[in-house]
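Source file final_13.cif; content: mmCIF, C-alpha atoms.
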data_input
#
loop_
_atom_site.label_atom_id
_atom_site.label_comp_id
_atom_site.auth_asym_id
_atom_site.auth_seq_id
_atom_site.Cartn_x
_atom_site.Cartn_y
_atom_site.Cartn_z
CA LYS A 912 42.22 -44.72 247.34
CA ASN A 913 45.11 -42.64 246.01
CA GLU A 914 48.04 -41.93 248.28
CA VAL A 915 47.73 -38.21 247.49
CA GLU A 916 44.28 -36.64 247.32
CA GLN A 917 43.55 -33.09 246.27
CA SER A 918 40.43 -31.01 246.61
CA PRO A 919 38.67 -29.52 244.88
CA GLN A 920 39.26 -31.07 241.46
CA ASN A 921 38.03 -27.94 239.72
CA LEU A 922 37.78 -24.41 241.03
CA THR A 923 36.41 -21.28 239.40
CA ALA A 924 37.01 -17.95 241.09
CA GLN A 925 36.51 -14.27 240.37
CA GLU A 926 39.56 -12.08 240.10
CA GLY A 927 40.61 -10.86 243.52
CA GLU A 928 39.22 -13.80 245.48
CA PHE A 929 41.23 -15.71 248.07
CA ILE A 930 41.75 -19.31 246.93
CA THR A 931 42.58 -22.44 248.90
CA ILE A 932 43.56 -25.81 247.44
CA ASN A 933 43.93 -28.76 249.77
CA CYS A 934 46.14 -31.84 249.69
CA SER A 935 45.98 -34.89 251.94
CA TYR A 936 48.40 -37.80 251.82
CA SER A 937 48.61 -41.21 253.43
CA VAL A 938 52.29 -42.18 253.12
CA GLY A 939 55.35 -41.15 255.09
CA ILE A 940 57.02 -38.22 253.42
CA SER A 941 60.25 -36.27 253.56
CA ALA A 942 58.88 -33.31 251.61
CA LEU A 943 55.78 -32.04 249.86
CA HIS A 944 55.82 -30.10 246.61
CA TRP A 945 53.29 -27.74 245.13
CA LEU A 946 53.59 -27.54 241.35
CA GLN A 947 51.91 -25.43 238.70
CA GLN A 948 51.12 -26.77 235.26
CA HIS A 949 49.98 -24.51 232.45
CA PRO A 950 48.01 -25.74 229.42
CA GLY A 951 51.20 -26.22 227.40
CA GLY A 952 52.17 -28.97 229.83
CA GLY A 953 55.32 -27.65 231.45
CA ILE A 954 55.49 -27.98 235.21
CA VAL A 955 56.95 -25.31 237.48
CA SER A 956 57.84 -25.97 241.08
CA LEU A 957 56.18 -23.44 243.40
CA PHE A 958 57.13 -24.71 246.84
CA MET A 959 58.88 -27.55 248.56
CA LEU A 960 57.85 -27.96 252.20
CA SER A 961 58.81 -30.28 255.01
CA SER A 962 57.23 -28.29 257.83
CA GLY A 963 55.46 -25.06 258.65
CA LYS A 964 54.71 -22.42 256.09
CA LYS A 965 56.28 -20.74 253.08
CA LYS A 966 55.29 -17.57 251.26
CA HIS A 967 56.23 -16.32 247.84
CA GLY A 968 54.46 -13.26 246.56
CA ARG A 969 50.73 -13.94 246.60
CA LEU A 970 51.22 -17.66 247.20
CA ILE A 971 51.30 -19.27 250.63
CA ALA A 972 51.82 -22.96 251.33
CA THR A 973 51.33 -24.65 254.68
CA ILE A 974 51.83 -28.19 255.87
CA ASN A 975 50.69 -30.06 258.97
CA ILE A 976 52.83 -33.19 259.23
CA GLN A 977 50.77 -34.72 262.06
CA GLU A 978 47.55 -34.39 260.09
CA LYS A 979 49.21 -35.27 256.76
CA HIS A 980 47.67 -32.25 255.14
CA SER A 981 48.85 -29.26 253.15
CA SER A 982 47.14 -26.20 251.72
CA LEU A 983 48.06 -23.82 248.94
CA HIS A 984 46.57 -20.35 249.20
CA ILE A 985 46.46 -17.66 246.55
CA THR A 986 45.65 -14.16 247.69
CA ALA A 987 44.18 -11.55 245.35
CA SER A 988 43.80 -14.11 242.56
CA HIS A 989 44.36 -13.03 238.96
CA PRO A 990 43.43 -14.61 235.62
CA ARG A 991 47.11 -15.40 235.03
CA ASP A 992 46.92 -17.74 238.03
CA SER A 993 44.67 -20.02 235.94
CA ALA A 994 46.46 -23.35 235.74
CA VAL A 995 46.46 -26.85 237.20
CA TYR A 996 47.99 -26.99 240.66
CA ILE A 997 49.49 -30.33 241.60
CA CYS A 998 50.48 -31.59 245.02
CA ALA A 999 53.28 -34.15 245.08
CA VAL A 1000 54.94 -35.87 248.01
CA ARG A 1001 58.41 -37.32 248.23
CA SER A 1002 57.94 -40.62 250.00
CA THR A 1003 60.31 -41.88 252.66
CA GLY A 1004 59.76 -45.45 251.49
CA SER A 1005 60.28 -47.04 248.13
CA TYR A 1006 56.69 -46.62 247.02
CA GLY A 1007 56.47 -46.35 243.26
CA GLY A 1008 60.21 -46.15 242.93
CA SER A 1009 63.36 -45.82 244.93
CA GLN A 1010 65.07 -42.98 246.70
CA GLY A 1011 62.00 -40.98 247.55
CA ASN A 1012 60.13 -40.87 244.31
CA LEU A 1013 57.44 -38.23 243.89
CA ILE A 1014 53.83 -39.35 244.20
CA PHE A 1015 51.43 -36.95 242.55
CA GLY A 1016 47.87 -35.92 243.18
CA LYS A 1017 45.54 -35.58 240.21
CA GLY A 1018 45.70 -31.81 240.30
CA THR A 1019 43.25 -28.97 240.85
CA LYS A 1020 42.22 -27.03 237.78
CA LEU A 1021 41.86 -23.37 238.68
CA SER A 1022 40.15 -20.82 236.46
CA VAL A 1023 40.17 -17.21 237.55
CA LYS A 1024 37.64 -15.04 235.72
CA PRO A 1025 38.25 -11.31 235.20
CA ASP B 1480 71.83 -23.85 231.56
CA THR B 1481 68.21 -22.87 231.27
CA GLY B 1482 66.72 -25.92 232.91
CA VAL B 1483 65.46 -29.30 231.85
CA SER B 1484 64.77 -29.54 228.14
CA GLN B 1485 62.81 -32.17 226.28
CA ASP B 1486 62.64 -32.90 222.60
CA PRO B 1487 60.39 -33.04 220.71
CA ARG B 1488 57.61 -31.03 222.31
CA HIS B 1489 54.97 -32.79 220.25
CA LYS B 1490 54.96 -36.09 218.36
CA ILE B 1491 52.20 -37.60 216.28
CA THR B 1492 52.80 -41.14 215.17
CA LYS B 1493 50.89 -44.00 213.61
CA ARG B 1494 50.08 -47.02 215.70
CA GLY B 1495 52.83 -49.59 215.48
CA GLN B 1496 55.64 -47.11 214.88
CA ASN B 1497 58.57 -46.61 217.24
CA VAL B 1498 59.22 -43.24 218.86
CA THR B 1499 62.12 -41.87 220.87
CA PHE B 1500 62.12 -38.88 223.19
CA ARG B 1501 65.09 -37.08 224.62
CA CYS B 1502 65.60 -35.31 227.94
CA ASP B 1503 68.52 -33.07 228.82
CA PRO B 1504 68.58 -32.49 232.57
CA ILE B 1505 70.19 -29.60 234.45
CA SER B 1506 73.88 -30.27 234.04
CA GLU B 1507 74.89 -30.82 237.64
CA HIS B 1508 71.89 -33.01 238.46
CA ASN B 1509 72.66 -36.69 238.72
CA ARG B 1510 69.07 -37.88 239.23
CA LEU B 1511 66.68 -38.10 236.33
CA TYR B 1512 63.05 -39.21 236.34
CA TRP B 1513 60.56 -40.02 233.60
CA TYR B 1514 56.84 -39.61 234.25
CA ARG B 1515 53.74 -40.14 232.14
CA GLN B 1516 50.65 -37.98 232.44
CA THR B 1517 47.33 -38.79 230.82
CA LEU B 1518 44.53 -36.30 230.43
CA GLY B 1519 43.02 -35.21 233.73
CA GLN B 1520 45.47 -37.19 235.82
CA GLY B 1521 48.59 -36.36 237.77
CA PRO B 1522 51.95 -37.58 236.50
CA GLU B 1523 52.82 -41.24 237.15
CA PHE B 1524 56.32 -42.52 237.75
CA LEU B 1525 57.91 -44.52 234.95
CA THR B 1526 61.60 -44.83 235.72
CA TYR B 1527 64.50 -43.28 237.59
CA PHE B 1528 68.23 -42.93 236.91
CA GLN B 1529 71.03 -42.04 239.22
CA ASN B 1530 73.90 -41.11 236.93
CA GLU B 1531 73.85 -43.77 234.20
CA ALA B 1532 72.27 -46.46 236.35
CA GLN B 1533 68.59 -47.17 235.93
CA LEU B 1534 67.66 -47.88 239.54
CA GLU B 1535 63.93 -48.34 239.34
CA LYS B 1536 61.24 -49.07 236.79
CA SER B 1537 57.51 -48.86 237.35
CA ARG B 1538 55.29 -51.75 236.37
CA LEU B 1539 53.71 -49.20 234.01
CA LEU B 1540 56.87 -49.54 231.92
CA SER B 1541 55.98 -52.48 229.69
CA ASP B 1542 58.48 -54.39 227.57
CA ARG B 1543 57.78 -51.96 224.73
CA PHE B 1544 59.32 -49.13 226.75
CA SER B 1545 63.03 -48.70 227.25
CA ALA B 1546 64.99 -45.85 228.75
CA GLU B 1547 68.69 -45.14 228.72
CA ARG B 1548 71.06 -42.62 230.13
CA PRO B 1549 74.33 -43.80 228.60
CA LYS B 1550 76.76 -41.20 229.91
CA GLY B 1551 74.84 -40.04 232.93
CA SER B 1552 73.80 -36.85 231.18
CA PHE B 1553 70.90 -36.85 228.69
CA SER B 1554 68.35 -39.64 228.67
CA THR B 1555 66.19 -41.21 225.97
CA LEU B 1556 62.84 -42.93 226.32
CA GLU B 1557 61.86 -45.22 223.45
CA ILE B 1558 58.45 -46.72 222.87
CA GLN B 1559 58.30 -49.58 220.39
CA ARG B 1560 55.18 -50.64 218.48
CA THR B 1561 53.17 -47.71 219.83
CA GLU B 1562 49.55 -48.21 220.81
CA GLN B 1563 46.78 -45.64 221.15
CA GLY B 1564 46.93 -46.06 224.91
CA ASP B 1565 50.47 -44.68 224.85
CA SER B 1566 49.09 -41.25 223.97
CA ALA B 1567 50.09 -39.03 226.88
CA MET B 1568 52.42 -36.30 228.03
CA TYR B 1569 55.86 -37.68 228.87
CA LEU B 1570 57.61 -35.57 231.48
CA CYS B 1571 61.24 -35.59 232.50
CA ALA B 1572 62.54 -34.19 235.77
CA SER B 1573 65.97 -33.92 237.32
CA SER B 1574 67.32 -33.26 240.78
CA SER B 1575 70.64 -33.20 242.56
CA ARG B 1576 72.10 -36.07 244.55
CA LEU B 1577 70.98 -34.57 247.83
CA SER B 1578 68.02 -36.53 249.07
CA ASN B 1579 65.59 -33.75 249.72
CA THR B 1580 65.88 -31.22 246.95
CA GLU B 1581 63.52 -29.82 244.42
CA ALA B 1582 62.85 -31.62 241.21
CA PHE B 1583 62.94 -29.49 238.08
CA PHE B 1584 60.65 -30.47 235.25
CA GLY B 1585 60.93 -30.15 231.51
CA GLN B 1586 58.14 -28.91 229.26
CA GLY B 1587 57.17 -32.45 228.37
CA THR B 1588 56.69 -34.32 225.12
CA ARG B 1589 53.08 -34.77 224.08
CA LEU B 1590 52.63 -38.03 222.18
CA THR B 1591 49.57 -38.70 220.07
CA VAL B 1592 49.22 -42.16 218.57
CA VAL B 1593 46.70 -42.28 215.70
#
Represent the supplied structure as structure tokens.
Amino acid sequence: KNEVEQSPQNLTAQEGEFITINCSYSVGISALHWLQQHPGGGIVSLFMLSSGKKKHGRLIATINIQEKHSSLHITASHPRDSAVYICAVRSTGSYGGSQGNLIFGKGTKLSVKP
Amino acid sequence: DTGVSQDPRHKITKRGQNVTFRCDPISEHNRLYWYRQTLGQGPEFLTYFQNEAQLEKSRLLSDRFSAERPKGSFSTLEIQRTEQGDSAMYLCASSSRLSNTEAFFGQGTRLTVV
């Protein structure tokens, strides 16, 4: 079992739909990141969360520390939102590296059709 | 400073050849990470530098892999005697010395070993 699990793996939506991507983790964390990766490979940081909720434009990220779960929501989805969305946690232990290395989920591939 | 830059963006090499990638982090960031991402997977930690010191290496980093950050600024990742299994996207990220800050990613170097 991976330490960071995302669902769904693939998601196809019609333009305008409300989208939710889920992330569950099993390690102690100091922060959780939502990242966006376009086909060219570059990764952009969308949010860094340690509690509660953050909003940026049409994107909303929430985290429940007790349940070890986070969600990324996209309102009024648009074809330009098509990308892979990756959840990553910064561990409090030395898992996979020192000083709070990032542990990544496998990503959710989102396709938004016009 | 426009962010983390990686060079080259793409590299095709014959099996058995050596390759070297470069990462230039954001200038005031003292932490630098290398990750490897294979198709359909999330990034996996390879190694981590704080200034010029390589503090952690993943067991994924075989003896054929070596990374340096000689002056605590740019970093290089060298793969000797490349194998087809080394084909992947190699991502670099940097962050500041504060323990809970965002990591900023480069565009990645896509390696194809033929």
Residues within 12 Å of Ala1572 of chain B, please, as a PyMOL selection string. Count only C-alpha atoms; anything in the same chain fewer than 3 positions from it doesn't count. (chain A and resi 953-956+1012-1013) or (chain B and resi 1482-1485+1501-1505+1508-1515+1522+1524-1528+1553-1554+1569+1575+1581-1587)
Using all atoms listed in the file, find which residues of chain A lie within 9 Å of chain B and jot them down as a ChimeraX atom specification. /A:941-942,944,951-956,958-959,997-999,1001,1007-1018
Write the selection just made, keeping C-alpha atoms, as a tab-separated table (two decimals), keeping the file's coordinate frame?
chain	number	residue	atom	x	y	z
A	941	SER	CA	60.25	-36.27	253.56
A	942	ALA	CA	58.88	-33.31	251.61
A	944	HIS	CA	55.82	-30.10	246.61
A	951	GLY	CA	51.20	-26.22	227.40
A	952	GLY	CA	52.17	-28.97	229.83
A	953	GLY	CA	55.32	-27.65	231.45
A	954	ILE	CA	55.49	-27.98	235.21
A	955	VAL	CA	56.95	-25.31	237.48
A	956	SER	CA	57.84	-25.97	241.08
A	958	PHE	CA	57.13	-24.71	246.84
A	959	MET	CA	58.88	-27.55	248.56
A	997	ILE	CA	49.49	-30.33	241.60
A	998	CYS	CA	50.48	-31.59	245.02
A	999	ALA	CA	53.28	-34.15	245.08
A	1001	ARG	CA	58.41	-37.32	248.23
A	1007	GLY	CA	56.47	-46.35	243.26
A	1008	GLY	CA	60.21	-46.15	242.93
A	1009	SER	CA	63.36	-45.82	244.93
A	1010	GLN	CA	65.07	-42.98	246.70
A	1011	GLY	CA	62.00	-40.98	247.55
A	1012	ASN	CA	60.13	-40.87	244.31
A	1013	LEU	CA	57.44	-38.23	243.89
A	1014	ILE	CA	53.83	-39.35	244.20
A	1015	PHE	CA	51.43	-36.95	242.55
A	1016	GLY	CA	47.87	-35.92	243.18
A	1017	LYS	CA	45.54	-35.58	240.21
A	1018	GLY	CA	45.70	-31.81	240.30
Using all atoms listed in the file, can you tell me which of A:Lys979, A:Lys1020, A:His989, A:His984 comes closest to Cys934 of chain A? A:Lys979
Carefully work through the PyMOL selection byres ((chain A and resi 930) around 10) for this structure and note down the residues it includes, as a PyMOL selection string. chain A and resi 922-925+927-929+931-932+970+982-988+1021+1023
Could you state which residues are captured by the PyMOL selection byres ((chain A and resi 990) around 8) in this file, as a list in words?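 On the file shown, the PyMOL selection byres ((chain A and resi 990) around 8) covers Glu926, Ser988, His989, Arg991, Asp992, Ser993, Ser1022, Val1023, Lys1024 and Pro1025 of chain A.
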Evaluate the PyMOL selection byres ((chain B and resi 1542-1549) around 9) on the structure here and hand back the selected residues as number ranges by chain. B: 1511, 1513, 1526, 1528, 1530-1533, 1540-1541, 1550-1561
Atom CA of Gln948 of chain A and atom CA of Ser1506 of chain B, how far apart in Å? 23.1 Å
For atom CA of Ser961 of chain A and atom CA of Leu943 of chain A, determine how far apart the two atoms are, in Å to one decimal place. 6.2 Å
In Å, with one decimal, what is the gap from atom CA of Asn933 of chain A to atom CA of Ser1002 of chain A?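 That distance, rounded to one decimal, is 18.4 Å.
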Find the spatial neighbours of His980 of chain A, counting all atoms listed in the file, within a cut-off of 7 Å - ignore same-chain residues fewer than 5 positions away - and output them as an mmCIF file with C-alpha atoms, in the coordinates of the input.
data_model
loop_
_atom_site.group_PDB
_atom_site.id
_atom_site.type_symbol
_atom_site.label_atom_id
_atom_site.label_comp_id
_atom_site.auth_asym_id
_atom_site.auth_seq_id
_atom_site.Cartn_x
_atom_site.Cartn_y
_atom_site.Cartn_z
ATOM 1 C CA CYS A 934 46.140 -31.840 249.690
ATOM 2 C CA SER A 935 45.980 -34.890 251.940
ATOM 3 C CA TYR A 936 48.400 -37.800 251.820
ATOM 4 C CA ILE A 974 51.830 -28.190 255.870
ATOM 5 C CA ASN A 975 50.690 -30.060 258.970
#
Assuming 5 Å of padding per side, give the centre and edge lengths of the axis-aligned box around every listed atom of segment 1493-1504 of chain B, in Å to one decimal and as JSON.
{"center_x": 59.3, "center_y": -41.0, "center_z": 223.1, "size_x": 28.5, "size_y": 27.1, "size_z": 29.0}
Just add all heavy atoms to segment 1012-1023 of chain A and send it as a PDB file, in the coordinates of the input.
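Dumped everything to selection_26.pdb:
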ATOM      1  N   ASN A1012      60.806 -41.310 245.513  1.00  0.00           N
ATOM      2  CA  ASN A1012      60.130 -40.870 244.310  1.00  0.00           C
ATOM      3  C   ASN A1012      58.935 -39.983 244.642  1.00  0.00           C
ATOM      4  O   ASN A1012      58.333 -40.097 245.701  1.00  0.00           O
ATOM      5  CB  ASN A1012      59.626 -42.113 243.564  1.00  0.00           C
ATOM      6  CG  ASN A1012      58.846 -41.765 242.334  1.00  0.00           C
ATOM      7  OD1 ASN A1012      59.265 -40.926 241.554  1.00  0.00           O
ATOM      8  ND2 ASN A1012      57.692 -42.375 242.171  1.00  0.00           N
ATOM      9  N   LEU A1013      58.606 -39.089 243.717  1.00  0.00           N
ATOM     10  CA  LEU A1013      57.440 -38.230 243.890  1.00  0.00           C
ATOM     11  C   LEU A1013      56.161 -38.991 243.564  1.00  0.00           C
ATOM     12  O   LEU A1013      56.086 -39.698 242.570  1.00  0.00           O
ATOM     13  CB  LEU A1013      57.541 -37.010 242.973  1.00  0.00           C
ATOM     14  CG  LEU A1013      58.556 -35.938 243.351  1.00  0.00           C
ATOM     15  CD1 LEU A1013      58.610 -34.859 242.283  1.00  0.00           C
ATOM     16  CD2 LEU A1013      58.218 -35.323 244.699  1.00  0.00           C
ATOM     17  N   ILE A1014      55.162 -38.825 244.433  1.00  0.00           N
ATOM     18  CA  ILE A1014      53.830 -39.350 244.200  1.00  0.00           C
ATOM     19  C   ILE A1014      52.918 -38.149 244.030  1.00  0.00           C
ATOM     20  O   ILE A1014      52.872 -37.270 244.884  1.00  0.00           O
ATOM     21  CB  ILE A1014      53.344 -40.220 245.369  1.00  0.00           C
ATOM     22  CG1 ILE A1014      54.369 -41.295 245.704  1.00  0.00           C
ATOM     23  CG2 ILE A1014      51.995 -40.860 245.040  1.00  0.00           C
ATOM     24  CD1 ILE A1014      54.106 -41.991 247.023  1.00  0.00           C
ATOM     25  N   PHE A1015      52.189 -38.134 242.921  1.00  0.00           N
ATOM     26  CA  PHE A1015      51.430 -36.950 242.550  1.00  0.00           C
ATOM     27  C   PHE A1015      49.949 -37.098 242.841  1.00  0.00           C
ATOM     28  O   PHE A1015      49.372 -38.187 242.686  1.00  0.00           O
ATOM     29  CB  PHE A1015      51.586 -36.677 241.049  1.00  0.00           C
ATOM     30  CG  PHE A1015      52.973 -36.323 240.619  1.00  0.00           C
ATOM     31  CD1 PHE A1015      53.916 -37.309 240.385  1.00  0.00           C
ATOM     32  CD2 PHE A1015      53.338 -35.002 240.429  1.00  0.00           C
ATOM     33  CE1 PHE A1015      55.201 -36.994 239.981  1.00  0.00           C
ATOM     34  CE2 PHE A1015      54.621 -34.670 240.016  1.00  0.00           C
ATOM     35  CZ  PHE A1015      55.546 -35.669 239.793  1.00  0.00           C
ATOM     36  N   GLY A1016      49.322 -35.983 243.210  1.00  0.00           N
ATOM     37  CA  GLY A1016      47.870 -35.920 243.180  1.00  0.00           C
ATOM     38  C   GLY A1016      47.406 -35.702 241.751  1.00  0.00           C
ATOM     39  O   GLY A1016      48.211 -35.517 240.839  1.00  0.00           O
ATOM     40  N   LYS A1017      46.090 -35.727 241.559  1.00  0.00           N
ATOM     41  CA  LYS A1017      45.540 -35.580 240.210  1.00  0.00           C
ATOM     42  C   LYS A1017      45.483 -34.128 239.766  1.00  0.00           C
ATOM     43  O   LYS A1017      45.214 -33.849 238.603  1.00  0.00           O
ATOM     44  CB  LYS A1017      44.154 -36.195 240.142  1.00  0.00           C
ATOM     45  CG  LYS A1017      44.165 -37.710 240.287  1.00  0.00           C
ATOM     46  CD  LYS A1017      42.796 -38.299 240.046  1.00  0.00           C
ATOM     47  CE  LYS A1017      42.857 -39.811 240.121  1.00  0.00           C
ATOM     48  NZ  LYS A1017      41.546 -40.425 239.866  1.00  0.00           N
ATOM     49  N   GLY A1018      45.704 -33.218 240.683  1.00  0.00           N
ATOM     50  CA  GLY A1018      45.700 -31.810 240.300  1.00  0.00           C
ATOM     51  C   GLY A1018      44.374 -31.135 240.556  1.00  0.00           C
ATOM     52  O   GLY A1018      43.320 -31.778 240.610  1.00  0.00           O
ATOM     53  N   THR A1019      44.422 -29.832 240.721  1.00  0.00           N
ATOM     54  CA  THR A1019      43.250 -28.970 240.850  1.00  0.00           C
ATOM     55  C   THR A1019      43.294 -27.962 239.724  1.00  0.00           C
ATOM     56  O   THR A1019      44.268 -27.205 239.619  1.00  0.00           O
ATOM     57  CB  THR A1019      43.237 -28.244 242.200  1.00  0.00           C
ATOM     58  OG1 THR A1019      43.117 -29.194 243.261  1.00  0.00           O
ATOM     59  CG2 THR A1019      42.108 -27.228 242.266  1.00  0.00           C
ATOM     60  N   LYS A1020      42.258 -27.975 238.898  1.00  0.00           N
ATOM     61  CA  LYS A1020      42.220 -27.030 237.780  1.00  0.00           C
ATOM     62  C   LYS A1020      41.574 -25.737 238.249  1.00  0.00           C
ATOM     63  O   LYS A1020      40.400 -25.712 238.615  1.00  0.00           O
ATOM     64  CB  LYS A1020      41.438 -27.631 236.612  1.00  0.00           C
ATOM     65  CG  LYS A1020      41.461 -26.754 235.375  1.00  0.00           C
ATOM     66  CD  LYS A1020      40.788 -27.416 234.191  1.00  0.00           C
ATOM     67  CE  LYS A1020      40.861 -26.525 232.963  1.00  0.00           C
ATOM     68  NZ  LYS A1020      40.206 -27.150 231.793  1.00  0.00           N
ATOM     69  N   LEU A1021      42.334 -24.677 238.222  1.00  0.00           N
ATOM     70  CA  LEU A1021      41.860 -23.370 238.680  1.00  0.00           C
ATOM     71  C   LEU A1021      41.622 -22.454 237.485  1.00  0.00           C
ATOM     72  O   LEU A1021      42.497 -22.307 236.627  1.00  0.00           O
ATOM     73  CB  LEU A1021      42.891 -22.720 239.614  1.00  0.00           C
ATOM     74  CG  LEU A1021      42.634 -21.272 240.008  1.00  0.00           C
ATOM     75  CD1 LEU A1021      41.365 -21.146 240.836  1.00  0.00           C
ATOM     76  CD2 LEU A1021      43.834 -20.687 240.756  1.00  0.00           C
ATOM     77  N   SER A1022      40.457 -21.857 237.455  1.00  0.00           N
ATOM     78  CA  SER A1022      40.150 -20.820 236.460  1.00  0.00           C
ATOM     79  C   SER A1022      39.768 -19.557 237.213  1.00  0.00           C
ATOM     80  O   SER A1022      38.846 -19.586 238.031  1.00  0.00           O
ATOM     81  CB  SER A1022      38.982 -21.240 235.567  1.00  0.00           C
ATOM     82  OG  SER A1022      39.308 -22.357 234.808  1.00  0.00           O
ATOM     83  N   VAL A1023      40.474 -18.492 236.922  1.00  0.00           N
ATOM     84  CA  VAL A1023      40.170 -17.210 237.550  1.00  0.00           C
ATOM     85  C   VAL A1023      39.586 -16.300 236.484  1.00  0.00           C
ATOM     86  O   VAL A1023      40.243 -15.999 235.480  1.00  0.00           O
ATOM     87  CB  VAL A1023      41.417 -16.576 238.185  1.00  0.00           C
ATOM     88  CG1 VAL A1023      41.042 -15.259 238.859  1.00  0.00           C
ATOM     89  CG2 VAL A1023      42.061 -17.529 239.185  1.00  0.00           C
TER      90      VAL A1023
END
